[in-house]
Structures are given as C-alpha cells and as structure tokens.
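Visitor: Sharing a structure below in structure tokens format, with a few things to ask.
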Amino acid sequence: MKKKIGGVIVEITEGNITKQPDVEAVVNAANAQLRTGGGVAGAIHRASGPELAEACRDFAPIKTGEAVITDAFDLNNDYVIHCLGPVYGVDRPEDQYLAKTYKNALKIAEENNIKSIAFPSISTGAFGYPIKQAAVTALRTVKSSLKDLQSIEKIRFVLFSRSDYKIYKDTMNSILNLEE
Ligand code: AR6
C-alpha cells in the first residue's frame, strides 16, 4: 500500500528489513551499545557482516531517541541508520521518545542526502511497545515531518507479520487518509 503526499511516497509492506535492496538506507532498531542482538538488530548485523559492529563501536553508547549512521557493508543498501527506541513502560513518555526516534532517523537521512529509507516497527519487539500505539506514533511523526523533507522521496515501513501489516495499514488509512 502506498501514497504520494507532497512529493514523498509513504508505503507499507510485509517483509524483512534486510531484503529491501531498492532503498538507500535501512533503519536498525538497535540497542544502546549498537551490538548485534535479536530481532531487527540481529538480522541486520548478520546480513551486513562483522564490519558493521566495528563501524558502530565508535558511536556507542547512544541514548534513547538518538540515531547514528554507518555504511551497510554486505547489505544491499548504502547505509544503516541505527536508532534506539524507547523501552515500553520504562522510557516515559513513550510516545514522545518514539516520535523523537523517527524524527532523528529522518534527520540524519536528510543530512546524508538520502532519497529512500526503510523503517522496521521500532520498539514493538523486545522493547514491548504495543503495535497499535506504535503505528499511530510512527505514522503521525512521518506525516508531520513530510513538509520539512528535502532529499527523502520514499519512506517505507517494513512489517514482519501479516497482522502487523494490517495494523499499520488501518492506521495509515486513518492518519494519512490514504487509499489503496
Ligand atoms: N525485518 C523486519 N521486522 C522485523 C525483523 C526483520 N528481520 N525482525 C523482527 N522484526 P525488535 P525493538 C520486527 O525486537 O523492539 C534487539 O535485540 C519485530 O516483529 O527488533 O526496538 C536489539 O538488540 C517487531 O515488530 O526491536 C535491542 O536490544 C519490530 O521488528 C532490542 O531488540 C521490532 O522488534 C530492540 O527492541
């Protein structure tokens, strides 16, 4: 499902964040130490190779909401943007931290003149953020950021399951008032 809003394509797809060869940057739902872990971080580090952990070392640790950028090494992308989403129930108010995380990822993409970026659903795995609430904040934040984007032409959300995809789809329909 996709829609062009003010020159920017916003789309959602079901899939794997490591299998998005047509975007310049993929976003990692990282840990503070920027080490490999489970979920998205594990998949990205495995697909990118050991050089990714090396490249991350100088930037760690990062704080909740922050984002840093590295090469993507063996991934079929140019960059990985690593960001630290909030742990639900710990990093409060969670919606503000989650919005900050998306904003900082978009900001660093813009600073690097990136045209296309793919996000996973940050914080909704190990960090326990309820998917519906996270989808609302993710899509509201993207919507409010669209007017400020200069380089980004495409923003993709990659959802790992059919049910998460459906939740994002419904949320996108209500927040962005989109049609299929
Ligand atoms: N592609 C797309 N989405 C995925 C993939 C994938 N390959 N794998 C999982 N998801 P998580 P978090 C979904 O746990 O909640 C890590 O261990 C998953 O179903 O990756 O921000 C780090 O090291 C969920 O909806 O990220 C951190 O310690 C979403 O991606 C911690 O987990 C996010 O799940 C970060 O937790």
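Going by the structure tokens order, chains are called A, B, ..., each with residues numbered from 1, while ligands are numbered from 1 in the order shown.
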With only C-alpha atoms as the counted atoms, please give the residues lying no more than 10 Å from Gly7 of chain A, apart from itself and same-chain residues fewer than 3 positions off, as a PyMOL selection string.
Guide: chain A and resi 3-4+10+146-147+149-150+152-154
Visitor: If you run DSSP on the backbone here, which positions in segment 40-106 of chain A get strand (DSSP E)? Please write them as a ChimeraX atom specification.
Guide: /A:67-71,79-83
Visitor: Using only all heavy atoms, please write the residues we just selected to a file, as a PDB file, in the first residue's frame.
Guide:
ATOM      1  N   ALA A  67      20.011   8.708  16.895  1.00  0.00           N
ATOM      2  CA  ALA A  67      20.268   7.925  15.678  1.00  0.00           C
ATOM      3  C   ALA A  67      21.678   8.208  15.175  1.00  0.00           C
ATOM      4  O   ALA A  67      22.149   9.349  15.260  1.00  0.00           O
ATOM      5  CB  ALA A  67      19.251   8.283  14.597  1.00  0.00           C
ATOM      6  N   VAL A  68      22.348   7.177  14.684  1.00  0.00           N
ATOM      7  CA  VAL A  68      23.665   7.335  14.057  1.00  0.00           C
ATOM      8  C   VAL A  68      23.652   6.568  12.734  1.00  0.00           C
ATOM      9  O   VAL A  68      22.804   5.695  12.515  1.00  0.00           O
ATOM     10  CB  VAL A  68      24.820   6.827  14.965  1.00  0.00           C
ATOM     11  CG1 VAL A  68      24.878   7.606  16.259  1.00  0.00           C
ATOM     12  CG2 VAL A  68      24.704   5.334  15.242  1.00  0.00           C
ATOM     13  N   ILE A  69      24.610   6.903  11.872  1.00  0.00           N
ATOM     14  CA  ILE A  69      24.608   6.295  10.538  1.00  0.00           C
ATOM     15  C   ILE A  69      25.946   5.631  10.244  1.00  0.00           C
ATOM     16  O   ILE A  69      26.996   6.150  10.634  1.00  0.00           O
ATOM     17  CB  ILE A  69      24.247   7.365   9.474  1.00  0.00           C
ATOM     18  CG1 ILE A  69      24.032   6.739   8.093  1.00  0.00           C
ATOM     19  CG2 ILE A  69      25.293   8.476   9.408  1.00  0.00           C
ATOM     20  CD1 ILE A  69      23.322   7.675   7.120  1.00  0.00           C
ATOM     21  N   THR A  70      25.880   4.465   9.607  1.00  0.00           N
ATOM     22  CA  THR A  70      27.096   3.774   9.158  1.00  0.00           C
ATOM     23  C   THR A  70      26.887   3.273   7.727  1.00  0.00           C
ATOM     24  O   THR A  70      25.780   3.295   7.202  1.00  0.00           O
ATOM     25  CB  THR A  70      27.411   2.523  10.031  1.00  0.00           C
ATOM     26  OG1 THR A  70      26.368   1.558   9.845  1.00  0.00           O
ATOM     27  CG2 THR A  70      27.566   2.869  11.495  1.00  0.00           C
ATOM     28  N   ASP A  71      27.982   2.775   7.182  1.00  0.00           N
ATOM     29  CA  ASP A  71      27.925   2.037   5.919  1.00  0.00           C
ATOM     30  C   ASP A  71      27.040   0.786   6.131  1.00  0.00           C
ATOM     31  O   ASP A  71      26.828   0.360   7.268  1.00  0.00           O
ATOM     32  CB  ASP A  71      29.357   1.581   5.608  1.00  0.00           C
ATOM     33  CG  ASP A  71      29.543   1.172   4.171  1.00  0.00           C
ATOM     34  OD1 ASP A  71      29.118   0.046   3.814  1.00  0.00           O
ATOM     35  OD2 ASP A  71      30.116   1.963   3.427  1.00  0.00           O
ATOM     36  N   TYR A  79      23.434   2.577   3.345  1.00  0.00           N
ATOM     37  CA  TYR A  79      23.601   2.981   4.740  1.00  0.00           C
ATOM     38  C   TYR A  79      22.701   2.172   5.675  1.00  0.00           C
ATOM     39  O   TYR A  79      21.631   1.742   5.263  1.00  0.00           O
ATOM     40  CB  TYR A  79      23.186   4.447   4.936  1.00  0.00           C
ATOM     41  CG  TYR A  79      23.940   5.444   4.103  1.00  0.00           C
ATOM     42  CD1 TYR A  79      23.380   5.943   2.929  1.00  0.00           C
ATOM     43  CD2 TYR A  79      25.191   5.916   4.506  1.00  0.00           C
ATOM     44  CE1 TYR A  79      24.051   6.879   2.160  1.00  0.00           C
ATOM     45  CE2 TYR A  79      25.870   6.858   3.746  1.00  0.00           C
ATOM     46  CZ  TYR A  79      25.295   7.332   2.571  1.00  0.00           C
ATOM     47  OH  TYR A  79      25.961   8.260   1.824  1.00  0.00           O
ATOM     48  N   VAL A  80      23.171   2.077   6.926  1.00  0.00           N
ATOM     49  CA  VAL A  80      22.293   1.642   8.017  1.00  0.00           C
ATOM     50  C   VAL A  80      22.188   2.811   8.997  1.00  0.00           C
ATOM     51  O   VAL A  80      23.215   3.386   9.388  1.00  0.00           O
ATOM     52  CB  VAL A  80      22.828   0.400   8.759  1.00  0.00           C
ATOM     53  CG1 VAL A  80      21.909   0.026   9.926  1.00  0.00           C
ATOM     54  CG2 VAL A  80      22.968  -0.796   7.812  1.00  0.00           C
ATOM     55  N   ILE A  81      20.965   3.166   9.342  1.00  0.00           N
ATOM     56  CA  ILE A  81      20.733   4.188  10.369  1.00  0.00           C
ATOM     57  C   ILE A  81      20.300   3.446  11.626  1.00  0.00           C
ATOM     58  O   ILE A  81      19.273   2.753  11.634  1.00  0.00           O
ATOM     59  CB  ILE A  81      19.667   5.201   9.911  1.00  0.00           C
ATOM     60  CG1 ILE A  81      20.206   5.995   8.722  1.00  0.00           C
ATOM     61  CG2 ILE A  81      19.274   6.128  11.069  1.00  0.00           C
ATOM     62  CD1 ILE A  81      19.202   6.910   8.050  1.00  0.00           C
ATOM     63  N   HIS A  82      21.129   3.548  12.664  1.00  0.00           N
ATOM     64  CA  HIS A  82      20.885   2.809  13.904  1.00  0.00           C
ATOM     65  C   HIS A  82      20.207   3.746  14.888  1.00  0.00           C
ATOM     66  O   HIS A  82      20.747   4.821  15.184  1.00  0.00           O
ATOM     67  CB  HIS A  82      22.210   2.350  14.518  1.00  0.00           C
ATOM     68  CG  HIS A  82      23.104   1.627  13.556  1.00  0.00           C
ATOM     69  ND1 HIS A  82      23.211   0.262  13.527  1.00  0.00           N
ATOM     70  CD2 HIS A  82      23.937   2.092  12.575  1.00  0.00           C
ATOM     71  CE1 HIS A  82      24.073  -0.091  12.583  1.00  0.00           C
ATOM     72  NE2 HIS A  82      24.524   1.009  11.991  1.00  0.00           N
ATOM     73  N   CYS A  83      19.060   3.353  15.396  1.00  0.00           N
ATOM     74  CA  CYS A  83      18.439   4.224  16.388  1.00  0.00           C
ATOM     75  C   CYS A  83      17.902   3.404  17.546  1.00  0.00           C
ATOM     76  O   CYS A  83      17.650   2.205  17.425  1.00  0.00           O
ATOM     77  CB  CYS A  83      17.380   5.114  15.754  1.00  0.00           C
ATOM     78  SG  CYS A  83      16.127   4.253  14.892  1.00  0.00           S
TER      79      CYS A  83
END
Visitor: So which bits of segment 68-145 of chain A end up alpha helix (DSSP H) when you DSSP the backbone, as a PyMOL selection string?
Guide: chain A and resi 94-111+131-145
Visitor: Let me see the file: selected residues, N, CA, C and O atoms, as a tab-separated table (two decimals), in the first residue's frame.
Guide:
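Final output, again27.tsv:
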chain	number	residue	atom	x	y	z
A	94	GLU	N	6.49	7.38	26.49
A	94	GLU	CA	6.95	6.54	25.39
A	94	GLU	C	6.69	7.14	24.01
A	94	GLU	O	7.52	7.04	23.11
A	95	ASP	N	5.50	7.77	23.86
A	95	ASP	CA	5.17	8.29	22.51
A	95	ASP	C	6.12	9.41	22.11
A	95	ASP	O	6.49	9.54	20.95
A	96	GLN	N	6.52	10.22	23.10
A	96	GLN	CA	7.47	11.30	22.77
A	96	GLN	C	8.84	10.75	22.39
A	96	GLN	O	9.49	11.23	21.47
A	97	TYR	N	9.28	9.75	23.12
A	97	TYR	CA	10.57	9.12	22.78
A	97	TYR	C	10.51	8.42	21.42
A	97	TYR	O	11.46	8.46	20.64
A	98	LEU	N	9.37	7.77	21.14
A	98	LEU	CA	9.27	7.07	19.85
A	98	LEU	C	9.25	8.08	18.70
A	98	LEU	O	9.91	7.88	17.67
A	99	ALA	N	8.51	9.17	18.88
A	99	ALA	CA	8.48	10.22	17.85
A	99	ALA	C	9.87	10.79	17.62
A	99	ALA	O	10.31	10.99	16.48
A	100	LYS	N	10.59	11.03	18.71
A	100	LYS	CA	11.95	11.56	18.62
A	100	LYS	C	12.86	10.60	17.85
A	100	LYS	O	13.71	11.02	17.05
A	101	THR	N	12.67	9.31	18.07
A	101	THR	CA	13.48	8.30	17.38
A	101	THR	C	13.25	8.38	15.86
A	101	THR	O	14.21	8.42	15.08
A	102	TYR	N	11.99	8.43	15.44
A	102	TYR	CA	11.70	8.53	14.00
A	102	TYR	C	12.23	9.85	13.43
A	102	TYR	O	12.81	9.88	12.34
A	103	LYS	N	12.04	10.94	14.19
A	103	LYS	CA	12.50	12.25	13.70
A	103	LYS	C	14.01	12.28	13.52
A	103	LYS	O	14.52	12.79	12.53
A	104	ASN	N	14.74	11.73	14.49
A	104	ASN	CA	16.19	11.74	14.39
A	104	ASN	C	16.69	10.84	13.26
A	104	ASN	O	17.69	11.15	12.61
A	105	ALA	N	16.00	9.75	13.01
A	105	ALA	CA	16.39	8.88	11.89
A	105	ALA	C	16.17	9.63	10.56
A	105	ALA	O	17.03	9.60	9.67
A	106	LEU	N	15.05	10.31	10.46
A	106	LEU	CA	14.79	11.08	9.22
A	106	LEU	C	15.79	12.22	9.08
A	106	LEU	O	16.25	12.52	7.97
A	107	LYS	N	16.12	12.86	10.20
A	107	LYS	CA	17.06	13.99	10.17
A	107	LYS	C	18.44	13.55	9.67
A	107	LYS	O	19.02	14.19	8.80
A	108	ILE	N	18.93	12.45	10.18
A	108	ILE	CA	20.26	12.00	9.78
A	108	ILE	C	20.24	11.52	8.32
A	108	ILE	O	21.21	11.67	7.58
A	109	ALA	N	19.10	10.99	7.89
A	109	ALA	CA	18.96	10.62	6.47
A	109	ALA	C	19.03	11.87	5.59
A	109	ALA	O	19.73	11.89	4.58
A	110	GLU	N	18.34	12.91	6.01
A	110	GLU	CA	18.36	14.16	5.25
A	110	GLU	C	19.77	14.75	5.21
A	110	GLU	O	20.23	15.22	4.17
A	111	GLU	N	20.46	14.71	6.34
A	111	GLU	CA	21.82	15.26	6.41
A	111	GLU	C	22.77	14.52	5.46
A	111	GLU	O	23.79	15.05	5.06
A	131	ILE	N	1.80	-2.63	19.37
A	131	ILE	CA	1.94	-2.33	17.95
A	131	ILE	C	0.97	-1.24	17.48
A	131	ILE	O	1.35	-0.36	16.70
A	132	LYS	N	-0.27	-1.25	17.97
A	132	LYS	CA	-1.24	-0.24	17.51
A	132	LYS	C	-0.81	1.16	17.91
A	132	LYS	O	-0.84	2.09	17.10
A	133	GLN	N	-0.40	1.30	19.16
A	133	GLN	CA	0.05	2.61	19.64
A	133	GLN	C	1.30	3.06	18.90
A	133	GLN	O	1.45	4.22	18.55
A	134	ALA	N	2.19	2.12	18.65
A	134	ALA	CA	3.44	2.45	17.95
A	134	ALA	C	3.15	2.88	16.51
A	134	ALA	O	3.77	3.82	15.99
A	135	ALA	N	2.19	2.21	15.88
A	135	ALA	CA	1.85	2.56	14.49
A	135	ALA	C	1.30	3.98	14.42
A	135	ALA	O	1.65	4.76	13.51
A	136	VAL	N	0.47	4.35	15.38
A	136	VAL	CA	-0.09	5.71	15.40
A	136	VAL	C	1.04	6.74	15.52
A	136	VAL	O	1.10	7.71	14.75
A	137	THR	N	1.94	6.53	16.45
A	137	THR	CA	3.02	7.50	16.64
A	137	THR	C	3.96	7.53	15.44
A	137	THR	O	4.37	8.60	14.99
A	138	ALA	N	4.29	6.36	14.90
A	138	ALA	CA	5.19	6.31	13.73
A	138	ALA	C	4.58	7.08	12.56
A	138	ALA	O	5.25	7.92	11.94
A	139	LEU	N	3.32	6.82	12.26
A	139	LEU	CA	2.71	7.45	11.08
A	139	LEU	C	2.40	8.92	11.32
A	139	LEU	O	2.53	9.74	10.40
A	140	ARG	N	2.03	9.28	12.54
A	140	ARG	CA	1.83	10.71	12.84
A	140	ARG	C	3.14	11.48	12.71
A	140	ARG	O	3.16	12.59	12.19
A	141	THR	N	4.20	10.89	13.18
A	141	THR	CA	5.50	11.56	13.13
A	141	THR	C	5.96	11.74	11.68
A	141	THR	O	6.43	12.81	11.29
A	142	VAL	N	5.79	10.68	10.90
A	142	VAL	CA	6.15	10.79	9.47
A	142	VAL	C	5.30	11.86	8.79
A	142	VAL	O	5.80	12.72	8.07
A	143	LYS	N	4.00	11.84	9.08
A	143	LYS	CA	3.11	12.82	8.46
A	143	LYS	C	3.55	14.25	8.79
A	143	LYS	O	3.63	15.11	7.90
A	144	SER	N	3.87	14.49	10.04
A	144	SER	CA	4.24	15.85	10.43
A	144	SER	C	5.62	16.24	9.92
A	144	SER	O	5.95	17.43	9.85
A	145	SER	N	6.44	15.26	9.55
A	145	SER	CA	7.79	15.56	9.06
A	145	SER	C	7.83	15.80	7.56
A	145	SER	O	8.81	16.36	7.04
Visitor: Would you list the residues that come within 7 Å of ligand 1? Count only C-alpha atoms and all ligand atoms and give the answer as number ranges by chain.
Guide: A: 15-18, 29-31, 35-43, 84-85, 120-129, 158-161
Visitor: For N, CA and C atoms, I'd like the residues from the last selection saved as an mmCIF file, in the first residue's frame.
Guide:
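Produced file result.cif, reproduced below:
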data_model
loop_
_atom_site.group_PDB
_atom_site.id
_atom_site.type_symbol
_atom_site.label_atom_id
_atom_site.label_comp_id
_atom_site.auth_asym_id
_atom_site.auth_seq_id
_atom_site.Cartn_x
_atom_site.Cartn_y
_atom_site.Cartn_z
ATOM 1 N N GLY A 15 7.417 -7.841 5.169
ATOM 2 C CA GLY A 15 8.682 -8.401 4.710
ATOM 3 C C GLY A 15 9.776 -8.308 5.747
ATOM 4 N N ASN A 16 11.008 -8.439 5.220
ATOM 5 C CA ASN A 16 12.203 -8.471 6.065
ATOM 6 C C ASN A 16 13.021 -7.216 5.790
ATOM 7 N N ILE A 17 13.431 -6.530 6.831
ATOM 8 C CA ILE A 17 14.168 -5.272 6.672
ATOM 9 C C ILE A 17 15.512 -5.481 5.941
ATOM 10 N N THR A 18 16.034 -6.696 5.989
ATOM 11 C CA THR A 18 17.320 -6.958 5.321
ATOM 12 C C THR A 18 17.142 -7.289 3.840
ATOM 13 N N ALA A 29 16.593 -1.136 14.499
ATOM 14 C CA ALA A 29 16.031 -0.972 15.852
ATOM 15 C C ALA A 29 17.101 -1.499 16.806
ATOM 16 N N ALA A 30 18.032 -0.620 17.145
ATOM 17 C CA ALA A 30 19.269 -1.046 17.800
ATOM 18 C C ALA A 30 19.132 -1.120 19.313
ATOM 19 N N ASN A 31 20.209 -1.573 19.941
ATOM 20 C CA ASN A 31 20.363 -1.458 21.396
ATOM 21 C C ASN A 31 21.355 -0.325 21.663
ATOM 22 N N ARG A 35 25.279 -3.159 19.487
ATOM 23 C CA ARG A 35 25.780 -4.517 19.238
ATOM 24 C C ARG A 35 24.705 -5.330 18.540
ATOM 25 N N THR A 36 25.142 -6.456 17.979
ATOM 26 C CA THR A 36 24.145 -7.357 17.413
ATOM 27 C C THR A 36 23.267 -7.875 18.556
ATOM 28 N N GLY A 37 22.060 -8.231 18.253
ATOM 29 C CA GLY A 37 21.132 -8.698 19.293
ATOM 30 C C GLY A 37 20.126 -9.599 18.632
ATOM 31 N N GLY A 38 18.881 -9.528 19.099
ATOM 32 C CA GLY A 38 17.831 -10.312 18.449
ATOM 33 C C GLY A 38 17.109 -9.455 17.424
ATOM 34 N N GLY A 39 15.982 -9.948 16.936
ATOM 35 C CA GLY A 39 15.091 -9.177 16.071
ATOM 36 C C GLY A 39 15.784 -8.498 14.906
ATOM 37 N N VAL A 40 15.414 -7.251 14.694
ATOM 38 C CA VAL A 40 15.942 -6.463 13.575
ATOM 39 C C VAL A 40 17.462 -6.329 13.674
ATOM 40 N N ALA A 41 17.955 -5.999 14.863
ATOM 41 C CA ALA A 41 19.398 -5.780 15.028
ATOM 42 C C ALA A 41 20.185 -7.042 14.674
ATOM 43 N N GLY A 42 19.704 -8.184 15.137
ATOM 44 C CA GLY A 42 20.384 -9.443 14.827
ATOM 45 C C GLY A 42 20.394 -9.705 13.330
ATOM 46 N N ALA A 43 19.232 -9.492 12.705
ATOM 47 C CA ALA A 43 19.114 -9.756 11.258
ATOM 48 C C ALA A 43 20.015 -8.805 10.461
ATOM 49 N N LEU A 84 17.785 4.098 18.690
ATOM 50 C CA LEU A 84 17.372 3.431 19.922
ATOM 51 C C LEU A 84 15.978 3.905 20.302
ATOM 52 N N GLY A 85 15.008 3.025 20.116
ATOM 53 C CA GLY A 85 13.639 3.346 20.504
ATOM 54 C C GLY A 85 13.447 3.184 22.003
ATOM 55 N N PRO A 120 11.821 -0.472 10.206
ATOM 56 C CA PRO A 120 11.039 -1.546 10.838
ATOM 57 C C PRO A 120 10.077 -0.858 11.811
ATOM 58 N N SER A 121 9.268 -1.625 12.489
ATOM 59 C CA SER A 121 8.381 -1.063 13.511
ATOM 60 C C SER A 121 9.175 -0.983 14.820
ATOM 61 N N ILE A 122 9.809 0.171 15.013
ATOM 62 C CA ILE A 122 10.734 0.358 16.138
ATOM 63 C C ILE A 122 10.031 0.150 17.487
ATOM 64 N N SER A 123 10.729 -0.532 18.376
ATOM 65 C CA SER A 123 10.322 -0.764 19.786
ATOM 66 C C SER A 123 9.208 -1.789 19.990
ATOM 67 N N THR A 124 8.653 -2.351 18.905
ATOM 68 C CA THR A 124 7.484 -3.232 19.084
ATOM 69 C C THR A 124 7.832 -4.711 19.234
ATOM 70 N N GLY A 125 9.118 -5.026 19.371
ATOM 71 C CA GLY A 125 9.543 -6.403 19.610
ATOM 72 C C GLY A 125 10.010 -6.539 21.045
ATOM 73 N N ALA A 126 11.314 -6.675 21.218
ATOM 74 C CA ALA A 126 11.903 -6.862 22.548
ATOM 75 C C ALA A 126 11.565 -5.709 23.491
ATOM 76 N N PHE A 127 11.340 -4.508 22.955
ATOM 77 C CA PHE A 127 11.090 -3.336 23.806
ATOM 78 C C PHE A 127 9.619 -3.192 24.202
ATOM 79 N N GLY A 128 8.760 -4.100 23.714
ATOM 80 C CA GLY A 128 7.422 -4.255 24.278
ATOM 81 C C GLY A 128 6.369 -3.198 23.973
ATOM 82 N N TYR A 129 6.624 -2.331 23.012
ATOM 83 C CA TYR A 129 5.669 -1.266 22.693
ATOM 84 C C TYR A 129 4.458 -1.876 21.971
ATOM 85 N N VAL A 158 8.478 -1.551 6.926
ATOM 86 C CA VAL A 158 8.532 -2.987 6.638
ATOM 87 C C VAL A 158 8.030 -3.733 7.869
ATOM 88 N N LEU A 159 6.890 -4.384 7.713
ATOM 89 C CA LEU A 159 6.278 -5.103 8.838
ATOM 90 C C LEU A 159 6.549 -6.596 8.702
ATOM 91 N N PHE A 160 6.861 -7.196 9.835
ATOM 92 C CA PHE A 160 7.377 -8.560 9.824
ATOM 93 C C PHE A 160 6.286 -9.618 9.812
ATOM 94 N N SER A 161 5.044 -9.249 10.064
ATOM 95 C CA SER A 161 3.956 -10.235 10.062
ATOM 96 C C SER A 161 2.738 -9.633 9.376
#
Visitor: Just give me the gap between atom CA of Glu24 of chain A and atom CA of Asn77 of chain A in Å, one decimal is fine.
Guide: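 Atom CA of Asn77 of chain A lies at a distance of 5.1 Å from atom CA of Glu24 of chain A.
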Visitor: Go through A:Pro50, A:Pro21, A:Pro61, A:Pro86 one by one, measure the shortest atom-to-atom distance of each to Leu34 of chain A using only C-alpha atoms, and give the residue with the smallest value.
Guide: A:Pro61
